[in-house]
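A.B. asks: Contents are mmCIF, C-alpha atoms and all ligand atoms; file name coords19.cif:
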```
data_upload
loop_
_atom_site.label_atom_id
_atom_site.label_comp_id
_atom_site.auth_asym_id
_atom_site.auth_seq_id
_atom_site.Cartn_x
_atom_site.Cartn_y
_atom_site.Cartn_z
CA MET A 48 67.14 102.12 83.93
CA MET A 49 70.52 100.42 83.65
CA GLN A 50 73.33 102.01 85.67
CA GLU A 51 75.37 102.38 82.53
CA GLU A 52 72.63 104.51 80.94
CA VAL A 53 72.43 106.70 84.04
CA LEU A 54 76.19 107.22 83.92
CA ILE A 55 76.05 108.13 80.24
CA ASN A 56 73.27 110.62 80.99
CA LEU A 57 75.46 112.20 83.66
CA GLU A 58 78.43 112.84 81.34
CA GLY A 59 77.44 116.49 80.83
CA PHE A 60 77.04 116.97 84.57
CA VAL A 61 80.45 115.42 85.27
CA GLU A 62 82.03 117.68 82.68
CA LYS A 63 80.77 120.67 84.69
CA GLN A 64 82.44 119.26 87.83
CA LEU A 65 85.87 118.98 86.20
CA PRO A 66 86.89 122.47 87.43
CA LEU A 67 86.81 121.02 90.96
CA LEU A 68 90.14 119.53 89.92
CA LYS A 69 92.94 122.08 89.68
CA SER A 70 95.08 122.51 86.59
CA VAL A 71 98.66 121.30 86.87
CA GLU A 72 99.82 124.93 86.70
CA GLU A 73 97.84 125.94 89.78
CA SER A 74 98.56 122.74 91.73
CA TRP A 75 101.02 122.39 94.58
CA GLN A 76 103.77 119.81 94.22
CA PRO A 77 105.49 117.75 96.92
CA GLY A 78 108.77 119.58 96.31
CA ASP A 79 107.14 122.90 97.25
CA PHE A 80 107.10 121.79 100.89
CA LEU A 81 110.36 119.94 101.21
CA PRO A 82 114.06 120.81 101.25
CA ASP A 83 115.40 121.72 97.83
CA MET A 84 118.15 119.16 97.35
CA ALA A 85 119.53 121.13 94.38
CA SER A 86 120.18 124.18 96.52
CA ASP A 87 123.30 124.95 98.59
CA ARG A 88 121.07 125.24 101.63
CA TRP A 89 119.81 121.66 101.45
CA GLN A 90 121.69 120.48 104.49
CA GLY A 91 120.37 123.19 106.77
CA GLU A 92 116.84 122.63 105.47
CA VAL A 93 117.02 118.90 106.11
CA GLU A 94 118.42 119.46 109.59
CA ALA A 95 115.63 121.91 110.39
CA LEU A 96 113.03 119.41 109.19
CA ARG A 97 114.54 116.65 111.33
CA ALA A 98 114.77 118.90 114.39
CA ARG A 99 111.06 119.76 114.16
CA ALA A 100 110.07 116.17 113.45
CA LYS A 101 111.66 115.13 116.78
CA SER A 102 108.67 116.66 118.54
CA ILE A 103 106.16 114.26 116.92
CA PRO A 104 105.03 111.61 119.43
CA ASP A 105 104.84 107.94 118.51
CA ASP A 106 101.06 107.71 118.23
CA LEU A 107 100.91 110.58 115.77
CA LEU A 108 103.77 109.03 113.82
CA VAL A 109 101.95 105.70 113.53
CA VAL A 110 98.80 107.37 112.24
CA LEU A 111 100.84 109.41 109.79
CA VAL A 112 102.45 106.22 108.46
CA GLY A 113 99.06 104.49 108.16
CA ASN A 114 97.65 107.49 106.30
CA THR A 115 100.67 107.54 103.99
CA VAL A 116 100.42 103.85 103.17
CA THR A 117 96.69 104.31 102.49
CA GLU A 118 97.50 107.08 99.99
CA GLU A 119 100.27 105.00 98.40
CA ALA A 120 97.79 102.25 97.47
CA LEU A 121 96.36 104.60 94.84
CA PRO A 122 96.85 102.10 91.97
CA SER A 123 94.20 99.89 93.61
CA TYR A 124 91.72 102.76 93.84
CA GLN A 125 92.18 103.87 90.24
CA THR A 126 91.78 100.29 89.03
CA TRP A 127 88.62 99.98 91.07
CA LEU A 128 87.08 103.17 89.65
CA ASN A 129 87.89 101.93 86.16
CA ARG A 130 85.83 98.75 86.44
CA PRO A 131 82.11 99.72 86.26
CA PRO A 132 80.70 99.90 82.72
CA GLY A 133 80.02 103.50 81.74
CA LEU A 134 82.67 104.71 84.15
CA LYS A 135 85.81 103.00 82.95
CA ASP A 136 88.40 104.64 80.76
CA GLU A 137 87.97 102.65 77.53
CA THR A 138 91.29 103.54 75.91
CA GLY A 139 93.46 104.62 78.84
CA ALA A 140 93.51 108.17 77.47
CA SER A 141 89.83 108.67 76.75
CA VAL A 142 88.36 112.19 76.68
CA ASN A 143 85.06 110.98 78.10
CA PRO A 144 84.26 113.20 81.12
CA TRP A 145 84.26 110.24 83.54
CA ALA A 146 87.70 109.18 82.32
CA LEU A 147 88.98 112.78 82.47
CA TRP A 148 87.72 113.01 86.03
CA THR A 149 89.23 109.73 87.20
CA ARG A 150 92.63 110.41 85.68
CA GLY A 151 92.66 114.01 86.94
CA TRP A 152 91.65 112.84 90.40
CA THR A 153 94.35 110.15 90.39
CA ALA A 154 96.96 112.69 89.30
CA GLU A 155 96.05 114.92 92.26
CA GLU A 156 95.96 112.02 94.71
CA ASN A 157 99.34 110.78 93.55
CA ARG A 158 101.00 113.78 95.21
CA HIS A 159 99.57 112.84 98.62
CA GLY A 160 101.52 109.63 99.15
CA GLU A 161 104.54 111.30 97.56
CA VAL A 162 104.71 114.32 99.86
CA LEU A 163 103.94 112.33 103.02
CA GLY A 164 106.41 109.57 102.09
CA ARG A 165 109.21 112.06 101.40
CA TYR A 166 108.53 113.84 104.66
CA LEU A 167 108.69 110.54 106.56
CA TYR A 168 111.93 109.59 104.81
CA LEU A 169 113.62 112.91 105.57
CA SER A 170 112.33 113.01 109.15
CA GLY A 171 114.47 110.05 110.16
CA ARG A 172 111.72 109.05 112.59
CA VAL A 173 110.47 105.83 110.96
CA ASP A 174 111.77 102.49 109.78
CA MET A 175 111.36 103.41 106.15
CA ARG A 176 111.88 99.91 104.84
CA SER A 177 109.05 98.58 106.94
CA VAL A 178 106.78 101.40 105.69
CA GLU A 179 107.70 100.57 102.09
CA VAL A 180 107.14 96.84 102.65
CA THR A 181 103.68 97.67 104.01
CA THR A 182 102.80 99.64 100.88
CA GLN A 183 103.98 96.84 98.60
CA HIS A 184 101.96 94.28 100.55
CA LEU A 185 98.87 96.47 100.47
CA ILE A 186 98.96 96.95 96.70
CA ARG A 187 99.57 93.23 96.19
CA ASN A 188 96.74 92.29 98.56
CA GLY A 189 94.35 94.71 96.89
CA PHE A 190 91.13 96.29 97.87
CA ASP A 191 87.77 94.54 97.78
CA LEU A 192 84.73 96.37 99.03
CA LYS A 193 82.34 93.66 97.93
CA SER A 194 80.75 96.35 95.76
CA GLY A 195 81.20 94.34 92.56
CA ASN A 196 81.11 96.56 89.50
CA ASP A 197 78.41 98.74 91.02
CA ALA A 198 79.16 102.38 90.20
CA TYR A 199 76.54 103.76 92.62
CA LYS A 200 78.22 101.97 95.50
CA ALA A 201 81.56 103.21 94.27
CA PHE A 202 80.44 106.84 94.54
CA VAL A 203 78.94 106.35 97.99
CA TYR A 204 82.26 104.87 99.02
CA VAL A 205 84.47 107.61 97.61
CA ALA A 206 82.25 110.38 99.01
CA PHE A 207 82.59 108.74 102.43
CA GLN A 208 86.32 108.11 102.13
CA GLU A 209 87.26 111.55 100.85
CA ARG A 210 85.57 113.07 103.87
CA ALA A 211 87.16 110.48 106.20
CA THR A 212 90.65 111.14 104.85
CA LYS A 213 90.03 114.89 105.04
CA VAL A 214 89.19 114.54 108.75
CA SER A 215 92.18 112.31 109.43
CA HIS A 216 94.78 114.42 107.58
CA ALA A 217 93.38 117.65 109.06
CA ASN A 218 93.59 116.23 112.60
CA VAL A 219 97.16 114.99 112.11
CA GLY A 220 98.04 118.48 110.84
CA ARG A 221 96.39 120.21 113.78
CA LEU A 222 98.21 117.98 116.29
CA ALA A 223 101.55 118.41 114.47
CA GLU A 224 101.16 122.18 114.77
CA GLY A 225 100.58 121.81 118.50
CA TYR A 226 103.70 119.66 118.89
CA GLY A 227 105.83 122.22 117.06
CA ASP A 228 106.07 120.93 113.50
CA PRO A 229 104.44 123.64 111.35
CA LEU A 230 105.81 122.08 108.15
CA LEU A 231 104.03 118.77 108.73
CA ALA A 232 100.95 120.78 109.72
CA ARG A 233 101.06 122.64 106.41
CA ILE A 234 101.55 119.45 104.40
CA CYS A 235 98.60 117.72 106.09
CA SER A 236 96.23 120.67 105.84
CA THR A 237 97.11 121.08 102.16
CA VAL A 238 96.35 117.41 101.50
CA ALA A 239 93.10 117.76 103.50
CA ALA A 240 92.08 120.68 101.28
CA ASP A 241 92.47 118.45 98.21
CA GLU A 242 90.32 115.78 99.85
CA ALA A 243 87.67 118.43 100.52
CA ARG A 244 87.41 119.28 96.79
CA HIS A 245 87.21 115.60 95.91
CA GLU A 246 84.56 115.01 98.55
CA GLU A 247 82.49 117.83 97.11
CA ALA A 248 82.64 116.35 93.60
CA TYR A 249 81.69 112.83 94.69
CA LYS A 250 78.84 114.12 96.86
CA ARG A 251 77.47 116.09 93.92
CA ILE A 252 77.78 113.09 91.59
CA PHE A 253 75.95 110.75 93.94
CA GLY A 254 73.39 113.52 94.52
CA MET A 255 72.64 113.50 90.79
CA ILE A 256 72.41 109.69 90.78
CA LEU A 257 69.78 110.05 93.51
CA VAL A 258 67.83 112.38 91.23
CA GLU A 259 68.14 110.13 88.17
CA ASP A 260 67.56 106.74 89.79
CA PRO A 261 66.38 107.31 93.40
CA SER A 262 65.29 103.83 94.49
CA ASN A 263 68.38 102.02 93.18
CA ALA A 264 70.61 104.77 94.56
CA VAL A 265 69.10 104.45 98.05
CA LEU A 266 69.50 100.66 97.92
CA ALA A 267 73.17 101.04 96.94
CA LEU A 268 73.70 103.57 99.73
CA ASP A 269 72.07 101.24 102.24
CA GLU A 270 74.18 98.28 101.16
CA MET A 271 77.37 100.30 101.41
CA VAL A 272 76.82 101.88 104.81
CA SER A 273 74.47 99.62 106.77
CA GLN A 274 77.38 97.31 107.35
CA LYS A 275 80.41 99.19 108.53
CA VAL A 276 82.18 100.89 105.61
CA VAL A 277 85.31 98.89 104.85
CA MET A 278 88.49 100.93 105.05
CA PRO A 279 90.73 101.09 101.98
CA ALA A 280 93.88 99.96 103.77
CA ARG A 281 92.25 97.04 105.56
CA LEU A 282 94.60 94.53 103.91
CA MET A 283 97.82 96.32 104.89
CA SER A 284 100.62 94.17 106.29
CA ASP A 285 104.17 94.78 107.45
CA GLY A 286 104.91 91.08 107.15
CA ALA A 287 104.89 90.63 110.94
CA ASP A 288 101.76 91.97 112.65
CA GLY A 289 98.73 89.94 111.49
CA ASP A 290 96.30 92.63 112.67
CA LEU A 291 98.25 95.68 111.58
CA PHE A 292 95.26 97.60 110.26
CA GLU A 293 93.22 97.03 113.43
CA HIS A 294 96.16 98.14 115.56
CA PHE A 295 96.70 101.26 113.45
CA ALA A 296 92.96 102.07 113.61
CA LEU A 297 93.05 101.71 117.38
CA VAL A 298 95.92 104.18 117.69
CA ALA A 299 94.04 106.65 115.45
CA GLN A 300 91.00 106.24 117.66
CA ARG A 301 92.94 106.71 120.91
CA ALA A 302 94.71 109.78 119.57
CA LYS A 303 91.28 111.15 118.54
CA ILE A 304 92.45 111.50 114.95
CA TYR A 305 89.79 109.28 113.40
CA THR A 306 87.18 107.83 115.74
CA VAL A 307 83.80 106.10 115.76
CA ARG A 308 82.34 109.56 116.48
CA ASP A 309 83.92 110.88 113.29
CA TYR A 310 82.47 107.91 111.44
CA ALA A 311 78.99 108.70 112.81
CA ALA A 312 79.40 112.40 112.01
CA ILE A 313 80.34 111.59 108.40
CA LEU A 314 77.27 109.38 107.99
CA ASP A 315 75.09 112.08 109.50
CA HIS A 316 76.57 114.71 107.21
CA LEU A 317 76.03 112.59 104.08
CA MET A 318 72.44 111.68 104.98
CA HIS A 319 71.66 115.39 105.40
CA TYR A 320 73.57 116.50 102.32
CA TRP A 321 71.65 114.02 100.19
CA ASN A 322 68.40 114.71 102.05
CA ILE A 323 67.77 111.00 102.46
CA ALA A 324 64.98 111.57 105.00
CA GLY A 325 63.14 113.85 102.59
CA LEU A 326 63.10 111.53 99.55
CA THR A 327 59.60 110.61 98.42
CA GLY A 328 58.09 108.15 95.96
CA LEU A 329 60.64 105.39 96.61
CA GLU A 330 59.83 101.79 95.80
CA PRO A 331 58.88 99.73 98.92
CA GLU A 332 62.26 98.07 99.40
CA ALA A 333 64.05 101.39 98.99
CA ALA A 334 61.66 103.05 101.43
CA ARG A 335 62.60 100.44 104.06
CA ALA A 336 66.28 101.12 103.35
CA GLN A 337 65.61 104.85 103.72
CA GLU A 338 64.22 104.28 107.21
CA ARG A 339 67.25 102.21 108.20
CA LEU A 340 69.62 104.85 106.85
CA CYS A 341 67.98 107.61 108.87
CA GLY A 342 68.70 105.81 112.15
CA LEU A 343 72.26 104.85 111.32
CA ALA A 344 74.24 107.87 112.54
CA ASP A 345 72.48 107.68 115.92
CA HIS A 346 73.27 104.00 116.18
CA TYR A 347 76.98 104.72 115.74
CA GLN A 348 76.91 107.66 118.17
CA LYS A 349 75.58 105.28 120.83
CA ARG A 350 78.15 102.64 119.95
CA ALA A 351 80.89 105.23 120.33
CA ASP A 352 80.39 105.41 124.11
CA ARG A 353 80.73 101.66 124.46
CA PHE A 354 83.70 101.71 122.12
CA ASP A 355 85.55 104.18 124.38
CA GLU A 356 85.68 101.48 127.06
CA VAL A 357 86.97 98.88 124.61
CA ILE A 358 89.72 101.25 123.54
CA ALA A 359 90.69 102.11 127.09
CA ARG A 360 91.13 98.40 127.83
CA ALA A 361 92.94 97.47 124.60
CA PRO A 362 96.56 96.43 125.18
CA LYS A 363 99.52 98.35 123.76
CA GLU A 364 101.02 97.09 120.52
CA ARG A 365 104.46 97.20 118.97
CA PHE A 366 104.85 98.75 115.51
CA ARG A 367 107.72 97.90 113.21
CA TRP A 368 107.20 101.26 111.55
CA ILE A 369 108.62 102.93 114.66
CA PHE A 370 111.38 100.41 115.35
CA ASN A 371 109.15 98.10 117.38
CA ARG A 372 108.36 100.64 120.04
CA GLU A 373 105.16 100.00 121.93
CA ILE A 374 102.17 102.31 122.03
FE FE B 401 94.44 111.50 99.23
FE FE B 402 91.15 112.02 98.14
#
```
Output the structure of this file as structure tokens.
C.D. replies:
Amino acid sequence: MMQEEVLINLEGFVEKQLPLLKSVEESWQPGDFLPDMASDRWQGEVEALRARAKSIPDDLLVVLVGNTVTEEALPSYQTWLNRPPGLKDETGASVNPWALWTRGWTAEENRHGEVLGRYLYLSGRVDMRSVEVTTQHLIRNGFDLKSGNDAYKAFVYVAFQERATKVSHANVGRLAEGYGDPLLARICSTVAADEARHEEAYKRIFGMILVEDPSNAVLALDEMVSQKVVMPARLMSDGADGDLFEHFALVAQRAKIYTVRDYAAILDHLMHYWNIAGLTGLEPEAARAQERLCGLADHYQKRADRFDEVIARAPKERFRWIFNREI
């Protein structure tokens, strides 16, 4: 069966998942968390925010900036979801369930970069221009997963990434709480809760693709995860550091916010959720992929130990985002 046919068959299923998105009326907005600049109390609120933000250490700040920039590259992600036939929004305002989902998802995601970016701006802790330059570079550079127009691969990817961003935002929030910034903690845990709903939807969608077209779905899954899953902000640049993404990822790893162990745990979770080991009747090539997939999480767990040593030895780096301080 052609992918496009499978996607058309799933329209009814996707329609039933639309309630995983919240209506605008029941959604939080960035302004709900931040000082109300129209109120007489704005100055005190801003000062309180800045006082609490002083407690955030540099490593946490760098990861927060990297996470923010990743969220801000949303135009690239929406464009990417709009490419596969059967999935794309044919008019720009289509009422096809796939189009309704993608636009609704984008509208929710749009608040993430907004709330984090406004927090960073008000905190006074970062070189805001350098953060903004990084976002502009990232959107210009784009986002290529080498997944072509393959919708199956796209859903594997988003299921993985929603869970990864959930872990990362939740960990930043937890650490911020510990350092004495409950506002940042609340912002990050709220964003993480959005990611959790998105993750659920994408896992269900790929689960249905596995039912409809099991062998091709397993092959797509294998191709996406058997090489390391490419991160969305891989092409970020601040115009100075040629390996900015690698340096950011290293800080996240050292701070235990997003690590190789998290990566392995996400793979393990997805393989169990989709019951990859239990699939039967696959075509020979897909059956070989199934076997590979079942050993993958273990492989990364083992690599994690070796990776700890690499990280311990890695030199400190300077980040423009935090006024060229070294971490
Ligand atoms: Fe997000
Ligand atoms: Fe998300």
A.B. asks: Using all atoms listed in the file, determine which residues lie at most 10 Å from Glu155 in chain A, disregarding the query and same-chain residues fewer than 2 positions distant; provide the list as a VMD selection string.
C.D. replies: chain A and resid 68 to 71 74 to 76 149 to 153 157 to 159 238 241 to 242 245
A.B. asks: Which of these residues is nearest to ligand FE 401 (chain B), using all atoms listed in the file: A:Lys213, A:Arg365, A:Arg176, A:Arg165?
C.D. replies: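 Closest candidate: A:Lys213.
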A.B. asks: Taking 5 positions as the minimum chain separation for residues in the same chain, which residues sit within 10 Å of Tyr124 in chain A when counting only C-alpha atoms? Answer as a PyMOL selection string.
C.D. replies: chain A and resi 118-119+129+149+153+186+189-191+205+279
A.B. asks: Which residues are near range 310-312 of chain A? Cut-off 10 Å, all atoms listed in the file, ignore same chain within fewer than 6 positions. Put them as a PDB file with C-alpha atoms, in the coordinates of the input.
C.D. replies:
```pdb
ATOM      1  CA  PHE A 207      82.590 108.740 102.430  1.00  0.00           C
ATOM      2  CA  ARG A 210      85.570 113.070 103.870  1.00  0.00           C
ATOM      3  CA  ALA A 211      87.160 110.480 106.200  1.00  0.00           C
ATOM      4  CA  VAL A 214      89.190 114.540 108.750  1.00  0.00           C
ATOM      5  CA  LYS A 275      80.410  99.190 108.530  1.00  0.00           C
ATOM      6  CA  VAL A 276      82.180 100.890 105.610  1.00  0.00           C
ATOM      7  CA  MET A 318      72.440 111.680 104.980  1.00  0.00           C
ATOM      8  CA  LEU A 343      72.260 104.850 111.320  1.00  0.00           C
ATOM      9  CA  ALA A 344      74.240 107.870 112.540  1.00  0.00           C
ATOM     10  CA  ASP A 345      72.480 107.680 115.920  1.00  0.00           C
ATOM     11  CA  HIS A 346      73.270 104.000 116.180  1.00  0.00           C
ATOM     12  CA  TYR A 347      76.980 104.720 115.740  1.00  0.00           C
ATOM     13  CA  GLN A 348      76.910 107.660 118.170  1.00  0.00           C
ATOM     14  CA  LYS A 349      75.580 105.280 120.830  1.00  0.00           C
ATOM     15  CA  ARG A 350      78.150 102.640 119.950  1.00  0.00           C
ATOM     16  CA  ALA A 351      80.890 105.230 120.330  1.00  0.00           C
TER      17      ALA A 351
END
```
A.B. asks: Tell me which of A:Gln337, A:Ser215, A:Gln274, A:Gln300 sits closest to ligand FE 402 (chain B), counting only C-alpha atoms and all ligand atoms.
C.D. replies: A:Ser215
A.B. asks: Take CA of Leu268 in chain A and CA of Lys200 in chain A and report the distance between them in Å, one decimal.
C.D. replies: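 Separation between CA of Leu268 in chain A and CA of Lys200 in chain A: 6.4 Å.
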A.B. asks: Just to confirm, what's the straight-line distance from CA of Glu51 in chain A to CA of Tyr249 in chain A in Å (one decimal)?
C.D. replies: 17.2 Å
A.B. asks: Out of A:Phe295, A:Tyr305, A:Tyr168, A:Trp321, which residue has the shortest atom-to-atom distance to Gln208 in chain A when counting all atoms listed in the file?
C.D. replies: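 Nearest to Gln208 in chain A: A:Tyr305.
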A.B. asks: Within 9 Å of Ala299 in chain A, counting all atoms listed in the file, which residues show up once you throw out same-chain ones fewer than 2 positions away? Write them as a PDB file with C-alpha atoms, keeping the file's coordinate frame, please.
C.D. replies:
```pdb
ATOM      1  CA  ASP A 106     101.060 107.710 118.230  1.00  0.00           C
ATOM      2  CA  LEU A 107     100.910 110.580 115.770  1.00  0.00           C
ATOM      3  CA  VAL A 109     101.950 105.700 113.530  1.00  0.00           C
ATOM      4  CA  VAL A 110      98.800 107.370 112.240  1.00  0.00           C
ATOM      5  CA  SER A 215      92.180 112.310 109.430  1.00  0.00           C
ATOM      6  CA  HIS A 294      96.160  98.140 115.560  1.00  0.00           C
ATOM      7  CA  PHE A 295      96.700 101.260 113.450  1.00  0.00           C
ATOM      8  CA  ALA A 296      92.960 102.070 113.610  1.00  0.00           C
ATOM      9  CA  LEU A 297      93.050 101.710 117.380  1.00  0.00           C
ATOM     10  CA  ARG A 301      92.940 106.710 120.910  1.00  0.00           C
ATOM     11  CA  ALA A 302      94.710 109.780 119.570  1.00  0.00           C
ATOM     12  CA  LYS A 303      91.280 111.150 118.540  1.00  0.00           C
ATOM     13  CA  ILE A 304      92.450 111.500 114.950  1.00  0.00           C
ATOM     14  CA  TYR A 305      89.790 109.280 113.400  1.00  0.00           C
ATOM     15  CA  THR A 306      87.180 107.830 115.740  1.00  0.00           C
TER      16      THR A 306
END
```
A.B. asks: Take the point (70.6, 107.8, 84.8) in the file's coordinates, draw a sphere of radius 9 Å around it, and report as a list in words every protein, DNA or RNA residue with an atom inside or on it, counting only C-alpha atoms.
C.D. replies: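 Residues lying no farther than 9 Å from the given point: Met48, Met49, Gln50, Glu51, Glu52, Val53, Leu54, Ile55, Asn56, Leu57, Met255, Ile256, Val258, Glu259 and Asp260 of chain A.
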A.B. asks: How close does range 165-264 of chain A get to range 80-92 of chain A? List, as JSON lines, each residue of range 165-264 of chain A within 10 Å, its nearest atom pair and the distance in Å to one decimal, counting only C-alpha atoms.
C.D. replies:
```
{"residue": "A:Arg165", "atom": "CA", "partner": "A:Leu81", "partner_atom": "CA", "distance": 8.0}
{"residue": "A:Tyr166", "atom": "CA", "partner": "A:Leu81", "partner_atom": "CA", "distance": 7.2}
{"residue": "A:Leu169", "atom": "CA", "partner": "A:Leu81", "partner_atom": "CA", "distance": 8.9}
{"residue": "A:Leu230", "atom": "CA", "partner": "A:Phe80", "partner_atom": "CA", "distance": 7.4}
{"residue": "A:Leu231", "atom": "CA", "partner": "A:Phe80", "partner_atom": "CA", "distance": 8.9}
{"residue": "A:Arg233", "atom": "CA", "partner": "A:Phe80", "partner_atom": "CA", "distance": 8.2}
{"residue": "A:Ile234", "atom": "CA", "partner": "A:Phe80", "partner_atom": "CA", "distance": 7.0}
```
A.B. asks: Could those residues be written to a file, using C-alpha atoms, as a PDB file, in the frame of the given file?
C.D. replies:
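Writing done, so here's part-v4.pdb:
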```
ATOM      1  CA  ARG A 165     109.210 112.060 101.400  1.00  0.00           C
ATOM      2  CA  TYR A 166     108.530 113.840 104.660  1.00  0.00           C
ATOM      3  CA  LEU A 169     113.620 112.910 105.570  1.00  0.00           C
ATOM      4  CA  LEU A 230     105.810 122.080 108.150  1.00  0.00           C
ATOM      5  CA  LEU A 231     104.030 118.770 108.730  1.00  0.00           C
ATOM      6  CA  ARG A 233     101.060 122.640 106.410  1.00  0.00           C
ATOM      7  CA  ILE A 234     101.550 119.450 104.400  1.00  0.00           C
TER       8      ILE A 234
END
```
A.B. asks: With a distance cut-off of 10 Å and all atoms listed in the file, select the neighbouring residues of Arg367 in chain A, excluding the residue or stretch itself and same-chain residues fewer than 2 positions from it, and output the selection as a PDB file with C-alpha atoms, in the frame of the given file.
C.D. replies:
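Contents of the output file selection.pdb:
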```
ATOM      1  CA  VAL A 109     101.950 105.700 113.530  1.00  0.00           C
ATOM      2  CA  VAL A 173     110.470 105.830 110.960  1.00  0.00           C
ATOM      3  CA  ASP A 174     111.770 102.490 109.780  1.00  0.00           C
ATOM      4  CA  MET A 175     111.360 103.410 106.150  1.00  0.00           C
ATOM      5  CA  ARG A 176     111.880  99.910 104.840  1.00  0.00           C
ATOM      6  CA  SER A 177     109.050  98.580 106.940  1.00  0.00           C
ATOM      7  CA  VAL A 178     106.780 101.400 105.690  1.00  0.00           C
ATOM      8  CA  ASP A 285     104.170  94.780 107.450  1.00  0.00           C
ATOM      9  CA  GLY A 286     104.910  91.080 107.150  1.00  0.00           C
ATOM     10  CA  ALA A 287     104.890  90.630 110.940  1.00  0.00           C
ATOM     11  CA  ASP A 288     101.760  91.970 112.650  1.00  0.00           C
ATOM     12  CA  LEU A 291      98.250  95.680 111.580  1.00  0.00           C
ATOM     13  CA  GLU A 364     101.020  97.090 120.520  1.00  0.00           C
ATOM     14  CA  ARG A 365     104.460  97.200 118.970  1.00  0.00           C
ATOM     15  CA  ILE A 369     108.620 102.930 114.660  1.00  0.00           C
ATOM     16  CA  PHE A 370     111.380 100.410 115.350  1.00  0.00           C
ATOM     17  CA  ASN A 371     109.150  98.100 117.380  1.00  0.00           C
ATOM     18  CA  ARG A 372     108.360 100.640 120.040  1.00  0.00           C
ATOM     19  CA  GLU A 373     105.160 100.000 121.930  1.00  0.00           C
TER      20      GLU A 373
END
```
A.B. asks: Distance CA of Asp228 in chain A-CA of Phe292 in chain A, one decimal place?
C.D. replies: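 Pair CA of Asp228 in chain A / CA of Phe292 in chain A returns 25.9 Å.
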A.B. asks: Smallest atom-to-atom distance to Ala248 in chain A: which of A:Glu209, A:Glu356, A:Asn114, A:Ser273, using all atoms listed in the file?
C.D. replies: A:Glu209
A.B. asks: Measuring atom to atom with all atoms listed in the file, identify which of A:Ala146, A:Val219, A:Leu121, A:Leu111 is nearest to ligand FE 401 (chain B).
C.D. replies: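 Selected residue with least distance to ligand FE 401 (chain B): A:Leu121.
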A.B. asks: Restricting the calculation to all atoms listed in the file, which member of A:Thr117, A:Gln125, A:Thr181, A:Ser141 is positioned closest to ligand FE 401 (chain B)?
C.D. replies: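 Checking each candidate against ligand FE 401 (chain B), we get A:Thr117 as the closest.
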A.B. asks: Quick one: 5 Å padding each side, axis-aligned, all listed atoms of range 285-300 of chain A - centre and edge lengths in Å to one decimal, as lines of an AutoDock Vina configuration file?
C.D. replies:
```
center_x = 98.0
center_y = 98.3
center_z = 112.4
size_x = 23.9
size_y = 26.7
size_z = 20.5
```
